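Raw contents of target-v4.cif, mmCIF, C-alpha atoms:
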data_upload
loop_
_atom_site.group_PDB
_atom_site.id
_atom_site.type_symbol
_atom_site.label_atom_id
_atom_site.label_comp_id
_atom_site.auth_asym_id
_atom_site.auth_seq_id
_atom_site.Cartn_x
_atom_site.Cartn_y
_atom_site.Cartn_z
ATOM 1 C CA MET A 518 -89.289 -32.689 -141.776
ATOM 2 C CA PHE A 519 -87.240 -34.506 -139.117
ATOM 3 C CA THR A 520 -86.572 -31.255 -137.248
ATOM 4 C CA LEU A 521 -90.281 -30.377 -137.266
ATOM 5 C CA VAL A 522 -91.182 -33.826 -135.934
ATOM 6 C CA VAL A 523 -88.665 -33.447 -133.094
ATOM 7 C CA ILE A 524 -90.105 -30.004 -132.238
ATOM 8 C CA ILE A 525 -93.653 -31.412 -132.113
ATOM 9 C CA ILE A 526 -92.567 -34.348 -129.937
ATOM 10 C CA ILE A 527 -90.955 -31.881 -127.524
ATOM 11 C CA LEU A 528 -94.178 -29.846 -127.578
ATOM 12 C CA ALA A 529 -96.161 -33.014 -126.797
ATOM 13 C CA LEU A 530 -93.901 -33.793 -123.841
ATOM 14 C CA ILE A 531 -94.267 -30.189 -122.641
ATOM 15 C CA PHE A 532 -98.045 -30.729 -122.710
ATOM 16 C CA ASP A 533 -97.517 -33.973 -120.761
ATOM 17 C CA PHE A 534 -95.413 -32.118 -118.182
ATOM 18 C CA ILE A 535 -98.083 -29.412 -117.846
ATOM 19 C CA ASN A 536 -100.703 -32.168 -117.609
ATOM 20 C CA GLY A 537 -98.852 -33.616 -114.611
ATOM 21 C CA PHE A 538 -98.350 -30.139 -113.131
ATOM 22 C CA HIS A 539 -101.998 -29.187 -113.723
ATOM 23 C CA ASP A 540 -103.416 -32.522 -112.570
ATOM 24 C CA SER A 541 -101.140 -33.200 -109.603
ATOM 25 C CA ALA A 542 -104.095 -32.016 -107.527
ATOM 26 C CA ASN A 543 -105.995 -35.075 -108.740
ATOM 27 C CA SER A 544 -103.451 -37.375 -107.115
ATOM 28 C CA ILE A 545 -102.477 -35.478 -103.977
ATOM 29 C CA ALA A 546 -105.303 -33.124 -102.936
ATOM 30 C CA THR A 547 -107.098 -35.671 -100.756
ATOM 31 C CA VAL A 548 -103.989 -37.079 -99.085
ATOM 32 C CA VAL A 549 -102.671 -33.554 -98.368
ATOM 33 C CA SER A 550 -105.974 -32.132 -97.106
ATOM 34 C CA THR A 551 -106.356 -35.032 -94.646
ATOM 35 C CA ARG A 552 -102.726 -34.442 -93.522
ATOM 36 C CA VAL A 553 -101.722 -38.030 -94.160
ATOM 37 C CA LEU A 554 -98.712 -36.722 -96.116
ATOM 38 C CA THR A 555 -96.995 -33.368 -96.388
ATOM 39 C CA PRO A 556 -97.324 -31.694 -99.802
ATOM 40 C CA ARG A 557 -93.735 -32.528 -100.785
ATOM 41 C CA LYS A 558 -93.998 -36.176 -99.745
ATOM 42 C CA ALA A 559 -97.373 -36.408 -101.491
ATOM 43 C CA VAL A 560 -96.043 -35.245 -104.861
ATOM 44 C CA LEU A 561 -93.074 -37.619 -104.585
ATOM 45 C CA TRP A 562 -95.473 -40.481 -103.809
ATOM 46 C CA ALA A 563 -97.764 -39.566 -106.715
ATOM 47 C CA ALA A 564 -94.928 -38.966 -109.199
ATOM 48 C CA PHE A 565 -93.340 -42.329 -108.368
ATOM 49 C CA PHE A 566 -96.561 -44.222 -109.128
ATOM 50 C CA ASN A 567 -97.199 -42.111 -112.243
ATOM 51 C CA LEU A 568 -93.849 -43.408 -113.501
ATOM 52 C CA VAL A 569 -94.358 -47.010 -112.331
ATOM 53 C CA ALA A 570 -97.541 -47.197 -114.418
ATOM 54 C CA ALA A 571 -95.334 -47.237 -117.545
ATOM 55 C CA PHE A 572 -94.234 -50.776 -116.712
ATOM 56 C CA LEU A 573 -97.606 -52.224 -115.713
ATOM 57 C CA PHE A 574 -100.233 -51.433 -118.325
ATOM 58 C CA ASP A 575 -100.915 -51.834 -122.035
ATOM 59 C CA VAL A 576 -101.560 -48.815 -124.268
ATOM 60 C CA HIS A 577 -105.304 -49.173 -124.934
ATOM 61 C CA VAL A 578 -106.043 -45.497 -124.200
ATOM 62 C CA ALA A 579 -103.173 -44.350 -126.451
ATOM 63 C CA LYS A 580 -104.735 -46.243 -129.355
ATOM 64 C CA THR A 581 -108.123 -44.653 -128.663
ATOM 65 C CA ILE A 582 -106.661 -41.143 -128.711
ATOM 66 C CA GLY A 583 -104.198 -41.795 -131.530
ATOM 67 C CA LYS A 584 -106.475 -43.420 -134.080
ATOM 68 C CA GLY A 585 -109.999 -43.475 -132.638
ATOM 69 C CA LEU A 586 -110.690 -39.750 -132.319
ATOM 70 C CA ILE A 587 -109.583 -38.201 -135.620
ATOM 71 C CA ASP A 588 -109.424 -39.764 -139.083
ATOM 72 C CA LEU A 589 -105.661 -40.104 -139.602
ATOM 73 C CA ALA A 590 -106.109 -39.280 -143.287
ATOM 74 C CA ALA A 591 -106.973 -35.731 -142.164
ATOM 75 C CA VAL A 592 -104.026 -35.430 -139.788
ATOM 76 C CA ASN A 593 -100.646 -33.895 -140.514
ATOM 77 C CA GLU A 594 -97.932 -32.506 -138.315
ATOM 78 C CA TYR A 595 -99.533 -29.025 -138.313
ATOM 79 C CA VAL A 596 -102.868 -30.397 -137.038
ATOM 80 C CA ILE A 597 -101.051 -32.108 -134.183
ATOM 81 C CA MET A 598 -99.049 -28.974 -133.392
ATOM 82 C CA GLY A 599 -102.189 -26.800 -133.407
ATOM 83 C CA GLY A 600 -104.012 -29.274 -131.171
ATOM 84 C CA LEU A 601 -101.174 -29.357 -128.644
ATOM 85 C CA ILE A 602 -100.991 -25.563 -128.518
ATOM 86 C CA GLY A 603 -104.745 -25.401 -127.918
ATOM 87 C CA ALA A 604 -104.482 -27.874 -125.029
ATOM 88 C CA ILE A 605 -101.429 -26.207 -123.466
ATOM 89 C CA VAL A 606 -102.922 -22.694 -123.598
ATOM 90 C CA TRP A 607 -106.214 -23.824 -122.048
ATOM 91 C CA ASN A 608 -104.404 -25.779 -119.299
ATOM 92 C CA LEU A 609 -102.323 -22.733 -118.379
ATOM 93 C CA ILE A 610 -105.408 -20.488 -118.286
ATOM 94 C CA THR A 611 -107.312 -22.846 -115.970
ATOM 95 C CA TRP A 612 -104.242 -23.437 -113.792
ATOM 96 C CA TYR A 613 -103.768 -19.682 -113.347
ATOM 97 C CA PHE A 614 -107.341 -19.292 -112.076
ATOM 98 C CA GLY A 615 -107.179 -22.474 -109.953
ATOM 99 C CA ILE A 616 -109.914 -24.233 -111.932
ATOM 100 C CA PRO A 617 -109.712 -28.078 -111.900
ATOM 101 C CA SER A 618 -110.559 -28.559 -115.569
ATOM 102 C CA SER A 619 -109.702 -31.644 -117.599
ATOM 103 C CA SER A 620 -106.317 -31.844 -119.344
ATOM 104 C CA SER A 621 -107.669 -34.839 -121.254
ATOM 105 C CA HIS A 622 -110.614 -32.882 -122.608
ATOM 106 C CA ALA A 623 -108.320 -29.964 -123.416
ATOM 107 C CA LEU A 624 -106.170 -32.283 -125.521
ATOM 108 C CA MET A 625 -109.185 -33.855 -127.231
ATOM 109 C CA GLY A 626 -110.709 -30.446 -127.879
ATOM 110 C CA GLY A 627 -107.508 -28.869 -129.181
ATOM 111 C CA TYR A 628 -106.786 -31.839 -131.456
ATOM 112 C CA ALA A 629 -110.353 -31.930 -132.783
ATOM 113 C CA GLY A 630 -110.442 -28.170 -133.332
ATOM 114 C CA ALA A 631 -107.235 -28.215 -135.374
ATOM 115 C CA ALA A 632 -108.504 -31.181 -137.434
ATOM 116 C CA ILE A 633 -111.816 -29.433 -138.131
ATOM 117 C CA ALA A 634 -109.949 -26.291 -139.210
ATOM 118 C CA LYS A 635 -108.029 -28.373 -141.737
ATOM 119 C CA ALA A 636 -110.574 -30.896 -143.008
ATOM 120 C CA GLY A 637 -113.994 -29.992 -141.597
ATOM 121 C CA PHE A 638 -116.267 -31.896 -139.216
ATOM 122 C CA GLY A 639 -116.025 -35.033 -141.354
ATOM 123 C CA SER A 640 -112.546 -35.631 -139.896
ATOM 124 C CA ILE A 641 -114.019 -36.382 -136.456
ATOM 125 C CA LEU A 642 -114.756 -40.024 -135.672
ATOM 126 C CA TYR A 643 -117.900 -39.912 -134.022
ATOM 127 C CA PRO A 644 -117.730 -40.333 -117.500
ATOM 128 C CA PRO A 645 -117.381 -38.202 -114.476
ATOM 129 C CA MET A 646 -120.549 -39.424 -112.725
ATOM 130 C CA LEU A 647 -119.087 -42.930 -112.331
ATOM 131 C CA GLY A 648 -116.524 -41.749 -109.770
ATOM 132 C CA MET A 649 -119.165 -39.817 -107.822
ATOM 133 C CA VAL A 650 -121.600 -42.739 -107.606
ATOM 134 C CA MET A 651 -118.863 -45.230 -106.697
ATOM 135 C CA ALA A 652 -117.435 -42.945 -103.985
ATOM 136 C CA PHE A 653 -120.920 -42.367 -102.496
ATOM 137 C CA ILE A 654 -121.578 -46.133 -102.301
ATOM 138 C CA LEU A 655 -118.102 -46.876 -100.918
ATOM 139 C CA MET A 656 -118.296 -44.139 -98.267
ATOM 140 C CA THR A 657 -121.787 -45.247 -97.200
ATOM 141 C CA THR A 658 -120.572 -48.849 -96.866
ATOM 142 C CA VAL A 659 -117.528 -47.835 -94.810
ATOM 143 C CA MET A 660 -119.674 -45.629 -92.541
ATOM 144 C CA TRP A 661 -122.042 -48.559 -91.917
ATOM 145 C CA LEU A 662 -119.195 -50.994 -91.205
ATOM 146 C CA PHE A 663 -117.369 -48.710 -88.759
ATOM 147 C CA HIS A 664 -120.219 -46.705 -87.231
ATOM 148 C CA ASN A 665 -119.665 -48.224 -83.745
ATOM 149 C CA GLN A 666 -115.912 -47.628 -83.773
ATOM 150 C CA PRO A 667 -114.291 -44.563 -82.130
ATOM 151 C CA SER A 668 -113.537 -41.899 -84.748
ATOM 152 C CA THR A 669 -109.907 -41.606 -83.612
ATOM 153 C CA LYS A 670 -109.367 -45.333 -84.190
ATOM 154 C CA VAL A 671 -111.055 -45.223 -87.594
ATOM 155 C CA ASN A 672 -109.057 -42.183 -88.725
ATOM 156 C CA PHE A 673 -105.795 -43.762 -87.551
ATOM 157 C CA ALA A 674 -106.476 -46.889 -89.628
ATOM 158 C CA PHE A 675 -107.542 -44.985 -92.703
ATOM 159 C CA ARG A 676 -104.511 -42.683 -92.563
ATOM 160 C CA LYS A 677 -102.462 -45.807 -93.345
ATOM 161 C CA LEU A 678 -104.926 -47.106 -95.926
ATOM 162 C CA GLN A 679 -104.939 -43.741 -97.674
ATOM 163 C CA LEU A 680 -101.310 -44.285 -98.674
ATOM 164 C CA VAL A 681 -102.467 -47.355 -100.610
ATOM 165 C CA SER A 682 -105.470 -45.614 -102.168
ATOM 166 C CA ALA A 683 -103.348 -42.584 -103.168
ATOM 167 C CA ALA A 684 -100.816 -44.904 -104.806
ATOM 168 C CA ALA A 685 -103.583 -46.752 -106.675
ATOM 169 C CA TYR A 686 -105.089 -43.475 -107.871
ATOM 170 C CA SER A 687 -101.691 -42.246 -109.090
ATOM 171 C CA LEU A 688 -101.243 -45.488 -111.035
ATOM 172 C CA GLY A 689 -104.617 -44.896 -112.692
ATOM 173 C CA HIS A 690 -103.782 -41.263 -113.355
ATOM 174 C CA GLY A 691 -100.423 -42.149 -114.884
ATOM 175 C CA THR A 692 -101.740 -44.871 -117.139
ATOM 176 C CA ASN A 693 -104.664 -42.746 -118.363
ATOM 177 C CA ASP A 694 -103.112 -39.353 -118.951
ATOM 178 C CA ALA A 695 -99.627 -40.364 -120.100
ATOM 179 C CA GLN A 696 -101.219 -42.619 -122.710
ATOM 180 C CA LYS A 697 -103.038 -39.672 -124.277
ATOM 181 C CA THR A 698 -99.704 -38.045 -125.070
ATOM 182 C CA MET A 699 -98.414 -41.403 -126.343
ATOM 183 C CA GLY A 700 -101.334 -41.539 -128.752
ATOM 184 C CA ILE A 701 -100.601 -38.070 -130.103
ATOM 185 C CA ILE A 702 -96.866 -38.749 -130.595
ATOM 186 C CA THR A 703 -97.537 -42.100 -132.267
ATOM 187 C CA SER A 704 -100.084 -40.465 -134.604
ATOM 188 C CA LEU A 705 -97.384 -37.976 -135.575
ATOM 189 C CA LEU A 706 -94.916 -40.767 -136.322
ATOM 190 C CA VAL A 707 -97.489 -42.636 -138.432
ATOM 191 C CA THR A 708 -98.679 -39.615 -140.428
ATOM 192 C CA THR A 709 -95.103 -38.547 -141.218
ATOM 193 C CA GLY A 710 -94.191 -42.057 -142.370
ATOM 194 C CA MET A 711 -91.735 -42.749 -139.552
ATOM 195 C CA LEU A 712 -93.885 -45.676 -138.406
ATOM 196 C CA LYS A 713 -95.651 -48.104 -140.748
ATOM 197 C CA ALA A 714 -98.351 -49.121 -138.266
ATOM 198 C CA PHE A 715 -99.872 -47.658 -135.109
ATOM 199 C CA GLU A 716 -97.669 -49.363 -132.537
ATOM 200 C CA VAL A 717 -96.487 -47.222 -129.630
ATOM 201 C CA PRO A 718 -92.644 -47.341 -129.391
ATOM 202 C CA TYR A 719 -91.214 -48.110 -125.955
ATOM 203 C CA TRP A 720 -89.270 -44.831 -125.874
ATOM 204 C CA VAL A 721 -92.578 -42.976 -126.313
ATOM 205 C CA ILE A 722 -94.079 -44.876 -123.369
ATOM 206 C CA LEU A 723 -91.134 -44.107 -121.089
ATOM 207 C CA SER A 724 -90.754 -40.453 -122.083
ATOM 208 C CA SER A 725 -94.492 -39.770 -121.679
ATOM 209 C CA HIS A 726 -94.595 -41.277 -118.186
ATOM 210 C CA ALA A 727 -91.379 -39.481 -117.207
ATOM 211 C CA ALA A 728 -92.786 -36.124 -118.385
ATOM 212 C CA ILE A 729 -96.063 -36.478 -116.480
ATOM 213 C CA ALA A 730 -94.220 -37.669 -113.351
ATOM 214 C CA CYS A 731 -91.892 -34.629 -113.496
ATOM 215 C CA GLY A 732 -94.879 -32.326 -113.898
ATOM 216 C CA THR A 733 -96.550 -33.918 -110.868
ATOM 217 C CA LEU A 734 -93.417 -33.231 -108.805
ATOM 218 C CA PHE A 735 -93.887 -29.488 -109.301
ATOM 219 C CA GLY A 736 -97.521 -29.600 -108.160
ATOM 220 C CA GLY A 737 -100.238 -27.186 -109.277
ATOM 221 C CA TRP A 738 -100.882 -25.860 -105.789
ATOM 222 C CA ARG A 739 -103.633 -23.448 -106.830
ATOM 223 C CA ILE A 740 -105.793 -26.393 -107.887
ATOM 224 C CA VAL A 741 -104.784 -28.546 -104.902
ATOM 225 C CA LYS A 742 -106.423 -25.985 -102.612
ATOM 226 C CA THR A 743 -109.665 -26.035 -104.618
ATOM 227 C CA MET A 744 -109.823 -29.832 -104.796
ATOM 228 C CA GLY A 745 -108.713 -30.676 -101.271
ATOM 229 C CA GLN A 746 -110.278 -27.925 -99.172
ATOM 230 C CA LYS A 747 -112.998 -25.997 -100.961
ATOM 231 C CA ILE A 748 -115.353 -28.668 -102.340
ATOM 232 C CA THR A 749 -115.929 -30.435 -98.997
ATOM 233 C CA LYS A 750 -114.020 -31.144 -95.768
ATOM 234 C CA LEU A 751 -112.270 -34.505 -95.938
ATOM 235 C CA LYS A 752 -111.129 -36.872 -93.190
ATOM 236 C CA PRO A 753 -108.824 -39.852 -93.876
ATOM 237 C CA VAL A 754 -111.763 -42.237 -94.329
ATOM 238 C CA GLY A 755 -113.336 -39.899 -96.890
ATOM 239 C CA GLY A 756 -110.024 -39.393 -98.677
ATOM 240 C CA PHE A 757 -109.559 -43.167 -98.853
ATOM 241 C CA CYS A 758 -113.023 -43.682 -100.349
ATOM 242 C CA ALA A 759 -112.623 -40.879 -102.912
ATOM 243 C CA GLU A 760 -109.192 -42.118 -104.030
ATOM 244 C CA THR A 761 -110.264 -45.757 -104.149
ATOM 245 C CA ALA A 762 -113.376 -44.957 -106.181
ATOM 246 C CA GLY A 763 -111.312 -42.801 -108.523
ATOM 247 C CA ALA A 764 -108.606 -45.458 -108.884
ATOM 248 C CA ILE A 765 -111.119 -48.214 -109.718
ATOM 249 C CA THR A 766 -112.803 -45.972 -112.306
ATOM 250 C CA LEU A 767 -109.510 -45.029 -113.977
ATOM 251 C CA LEU A 768 -108.055 -48.531 -114.048
ATOM 252 C CA VAL A 769 -111.245 -50.128 -115.401
ATOM 253 C CA THR A 770 -111.560 -47.517 -118.153
ATOM 254 C CA ALA A 771 -107.844 -47.759 -118.983
ATOM 255 C CA PHE A 772 -108.088 -51.508 -119.496
ATOM 256 C CA SER A 773 -111.178 -50.905 -121.651
ATOM 257 C CA GLY A 774 -109.385 -48.321 -123.796
ATOM 258 C CA ILE A 775 -111.802 -45.567 -122.715
ATOM 259 C CA ALA A 776 -110.228 -42.118 -122.443
ATOM 260 C CA VAL A 777 -111.773 -40.451 -119.389
ATOM 261 C CA SER A 778 -110.947 -37.313 -117.464
ATOM 262 C CA THR A 779 -108.949 -37.962 -114.298
ATOM 263 C CA THR A 780 -110.002 -34.515 -113.037
ATOM 264 C CA HIS A 781 -113.690 -35.242 -113.502
ATOM 265 C CA THR A 782 -113.292 -38.630 -111.868
ATOM 266 C CA ILE A 783 -111.664 -37.443 -108.628
ATOM 267 C CA SER A 784 -113.772 -34.260 -108.396
ATOM 268 C CA GLY A 785 -116.922 -36.343 -108.709
ATOM 269 C CA ALA A 786 -115.593 -38.816 -106.138
ATOM 270 C CA ILE A 787 -114.912 -36.012 -103.625
ATOM 271 C CA MET A 788 -118.442 -34.671 -104.161
ATOM 272 C CA GLY A 789 -119.820 -38.186 -103.660
ATOM 273 C CA VAL A 790 -117.966 -38.563 -100.358
ATOM 274 C CA GLY A 791 -119.169 -35.165 -99.135
ATOM 275 C CA ALA A 792 -122.776 -35.968 -100.031
ATOM 276 C CA THR A 793 -122.790 -38.961 -97.664
ATOM 277 C CA LYS A 794 -122.556 -36.615 -94.668
ATOM 278 C CA ARG A 795 -125.363 -34.324 -95.744
ATOM 279 C CA PHE A 796 -126.266 -32.650 -98.994
ATOM 280 C CA SER A 797 -125.094 -29.248 -97.752
ATOM 281 C CA ALA A 798 -121.621 -30.624 -96.874
ATOM 282 C CA VAL A 799 -120.655 -30.124 -100.511
ATOM 283 C CA ARG A 800 -120.209 -26.545 -101.693
ATOM 284 C CA TRP A 801 -122.466 -26.984 -104.686
ATOM 285 C CA GLY A 802 -121.945 -23.391 -105.863
ATOM 286 C CA LEU A 803 -118.238 -24.116 -106.337
ATOM 287 C CA ALA A 804 -119.061 -27.561 -107.718
ATOM 288 C CA GLY A 805 -121.370 -25.903 -110.258
ATOM 289 C CA SER A 806 -118.562 -23.573 -111.356
ATOM 290 C CA ILE A 807 -116.257 -26.565 -111.795
ATOM 291 C CA ILE A 808 -118.884 -28.347 -113.896
ATOM 292 C CA ILE A 809 -119.273 -25.258 -116.095
ATOM 293 C CA ALA A 810 -115.505 -25.326 -116.642
ATOM 294 C CA TRP A 811 -115.820 -28.996 -117.625
ATOM 295 C CA ILE A 812 -118.490 -28.135 -120.180
ATOM 296 C CA ILE A 813 -116.578 -25.311 -121.854
ATOM 297 C CA THR A 814 -113.144 -27.007 -121.871
ATOM 298 C CA ILE A 815 -113.572 -28.953 -125.117
ATOM 299 C CA PRO A 816 -115.057 -26.098 -127.200
ATOM 300 C CA ALA A 817 -112.616 -23.542 -125.730
ATOM 301 C CA ALA A 818 -109.563 -25.724 -126.411
ATOM 302 C CA ALA A 819 -110.988 -26.597 -129.846
ATOM 303 C CA LEU A 820 -111.287 -22.904 -130.714
ATOM 304 C CA ILE A 821 -107.702 -22.223 -129.598
ATOM 305 C CA GLY A 822 -106.527 -25.314 -131.498
ATOM 306 C CA ALA A 823 -108.305 -24.188 -134.687
ATOM 307 C CA ILE A 824 -106.865 -20.673 -134.433
ATOM 308 C CA SER A 825 -103.406 -22.114 -133.760
ATOM 309 C CA TYR A 826 -103.643 -24.366 -136.815
ATOM 310 C CA GLY A 827 -104.740 -21.395 -138.941
ATOM 311 C CA ILE A 828 -101.802 -19.277 -137.794
ATOM 312 C CA ILE A 829 -99.298 -22.129 -138.276
ATOM 313 C CA SER A 830 -100.663 -22.777 -141.775
ATOM 314 C CA LEU A 831 -99.861 -19.218 -142.796
ATOM 315 C CA PHE A 832 -96.149 -19.700 -142.075
ATOM 316 C CA ARG A 833 -95.506 -23.270 -143.182
#

Write-out of the structure in structure tokens:
Amino acid sequence: MFTLVVIIIILALIFDFINGFHDSANSIATVVSTRVLTPRKAVLWAAFFNLVAAFLFDVHVAKTIGKGLIDLAAVNEYVIMGGLIGAIVWNLITWYFGIPSSSSHALMGGYAGAAIAKAGFGSILYPPMLGMVMAFILMTTVMWLFHNQPSTKVNFAFRKLQLVSAAAYSLGHGTNDAQKTMGIITSLLVTTGMLKAFEVPYWVILSSHAAIACGTLFGGWRIVKTMGQKITKLKPVGGFCAETAGAITLLVTAFSGIAVSTTHTISGAIMGVGATKRFSAVRWGLAGSIIIAWIITIPAAALIGAISYGIISLFR
């Protein structure tokens, strides 16, 4: 049993690493596309603040994922393993095709699919637009405040401010996504009797943040290009507004214990910034394809998770 638990914890940290790798675009796409930082400096900046988040925030999101999504009575180590495999496979598929899908939704879908395969739909305990709306309002406000200022002066100022907004977004990204892995590992420890109550151990907090920070360092460059260049053209002021809106959304939801998609949040924020220029400034055809990927992520990962659980069950 102990060996199996160790293997599943390693698998969870591999998912966390891939999450950081897959979602590094969320943290760095805007700051790279506006040329405020080089790609290598951007991933170092983002990874550092992903790691720092471990020391600043409580684990509200981890508790939501760990005991608020699936009835723990229906969970065993094979359900968790199947769910992680479902999430990892879907993340690798979407990374390969450069699709900015949600690692969070992949994890939720994979976990739910494996639980349903074991115990049926009764095991399930029954927002991207926020970032878009907030970014639109913020960008409109900034445009109104600085409309009489020379564009070169405005861009120079916001190149500096974008370092702050990128750091804030990376803090939000770290505290949201690392906590989802914490929730899964802690669920494993509770269901196998290694923990008496759902309290996230400090070593789980540190290892989860370290894994996602390492993944961010490697950067999923295929998705960076989609996020930073293909949705809309960004200048430093737009990058600042998108990152700030995304950071506020992620930090507010993290403190509320709401598990949201960091990918959906920043994608929506970038669309919101682009829409302030003119409606056609956003490539809505590409945006529509991204939204379709959002919609199918949970059922696709759930299907892979259910199949994975079924295969694992045959050999246990």

task = Identify, on the basis of only C-alpha atoms, every residue whose closest approach to Ala570 in chain A does not exceed 7 Å; exclude the query and any residue fewer than 6 positions from it along the same chain; express the result as a ChimeraX atom specification.
result = /A:688,691-692

inquiry  = Would you compute the distance between CA of Thr770 in chain A and CA of Gly603 in chain A? Give it in Å to one decimal.
reply    = 25.1 Å

remark   = Correct to one decimal, the distance CA of Gly583 in chain A-CA of Lys697 in chain A is 7.6 Å

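Nearest to Asn567 in chain A of all the residues A:Gly827, A:Gly689, A:Gly600, A:Gly627 is A:Gly689, counting only C-alpha atoms.
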
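Across the chains present, the PyMOL selection byres ((chain A and resi 612-623) around 7) applied to this file returns Asn536, His539, Ala604, Trp607, Asn608, Leu609, Ile610, Thr611, Leu624, Met625, Gly626, Gly627, Asp694, Arg739, Ile740, Thr743, Ser778, Thr780, His781, Ile807, Ala810, Trp811, Thr814, Ile815 and Ala818 of chain A.
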
inquiry  = Using all atoms listed in the file, can you tell me which of A:Ile821, A:Ala685, A:Leu530, A:Leu521 comes closest to Leu768 in chain A?
reply    = A:Ala685

Might you pull out every residue within 8 Å of Thr708 in chain A, with all atoms listed in the file counted and same-chain residues fewer than 6 positions away left off, and present them as a CSV table (one decimal) with C-alpha atoms, keeping the file's coordinate frame?
chain,number,residue,atom,x,y,z
A,589,LEU,CA,-105.7,-40.1,-139.6
A,590,ALA,CA,-106.1,-39.3,-143.3
A,592,VAL,CA,-104.0,-35.4,-139.8
A,593,ASN,CA,-100.6,-33.9,-140.5
A,594,GLU,CA,-97.9,-32.5,-138.3

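Counting only C-alpha atoms, the residue from A:Ile765, A:Ala571, A:Val754, A:Ile605 that sits nearest to Thr779 in chain A is A:Ile765.
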
First collect every listed atom of range 581-591 of chain A; then fit an axis-aligned box around them, widen it by 8 Å on each side, and give centre and edge lengths in Å to one decimal, as JSON.
{"center_x": -107.4, "center_y": -40.2, "center_z": -136.0, "size_x": 22.5, "size_y": 24.9, "size_z": 30.6}

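Using all atoms listed in the file, the shortest contact distance between Ala727 in chain A and any of A:Leu573, A:Ala591, A:Ala564, A:Ala762 is found at A:Ala564.
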
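Among the candidate residues A:Thr709, A:Thr703, A:Thr520, A:Thr766, the one lying nearest to His690 in chain A is A:Thr766, with distances computed using all atoms listed in the file.
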
Expansion of the PyMOL selection byres ((chain A and resi 562) around 9) into residues, as number ranges by chain = A: 545, 557-561, 563-567, 680, 683-684, 687
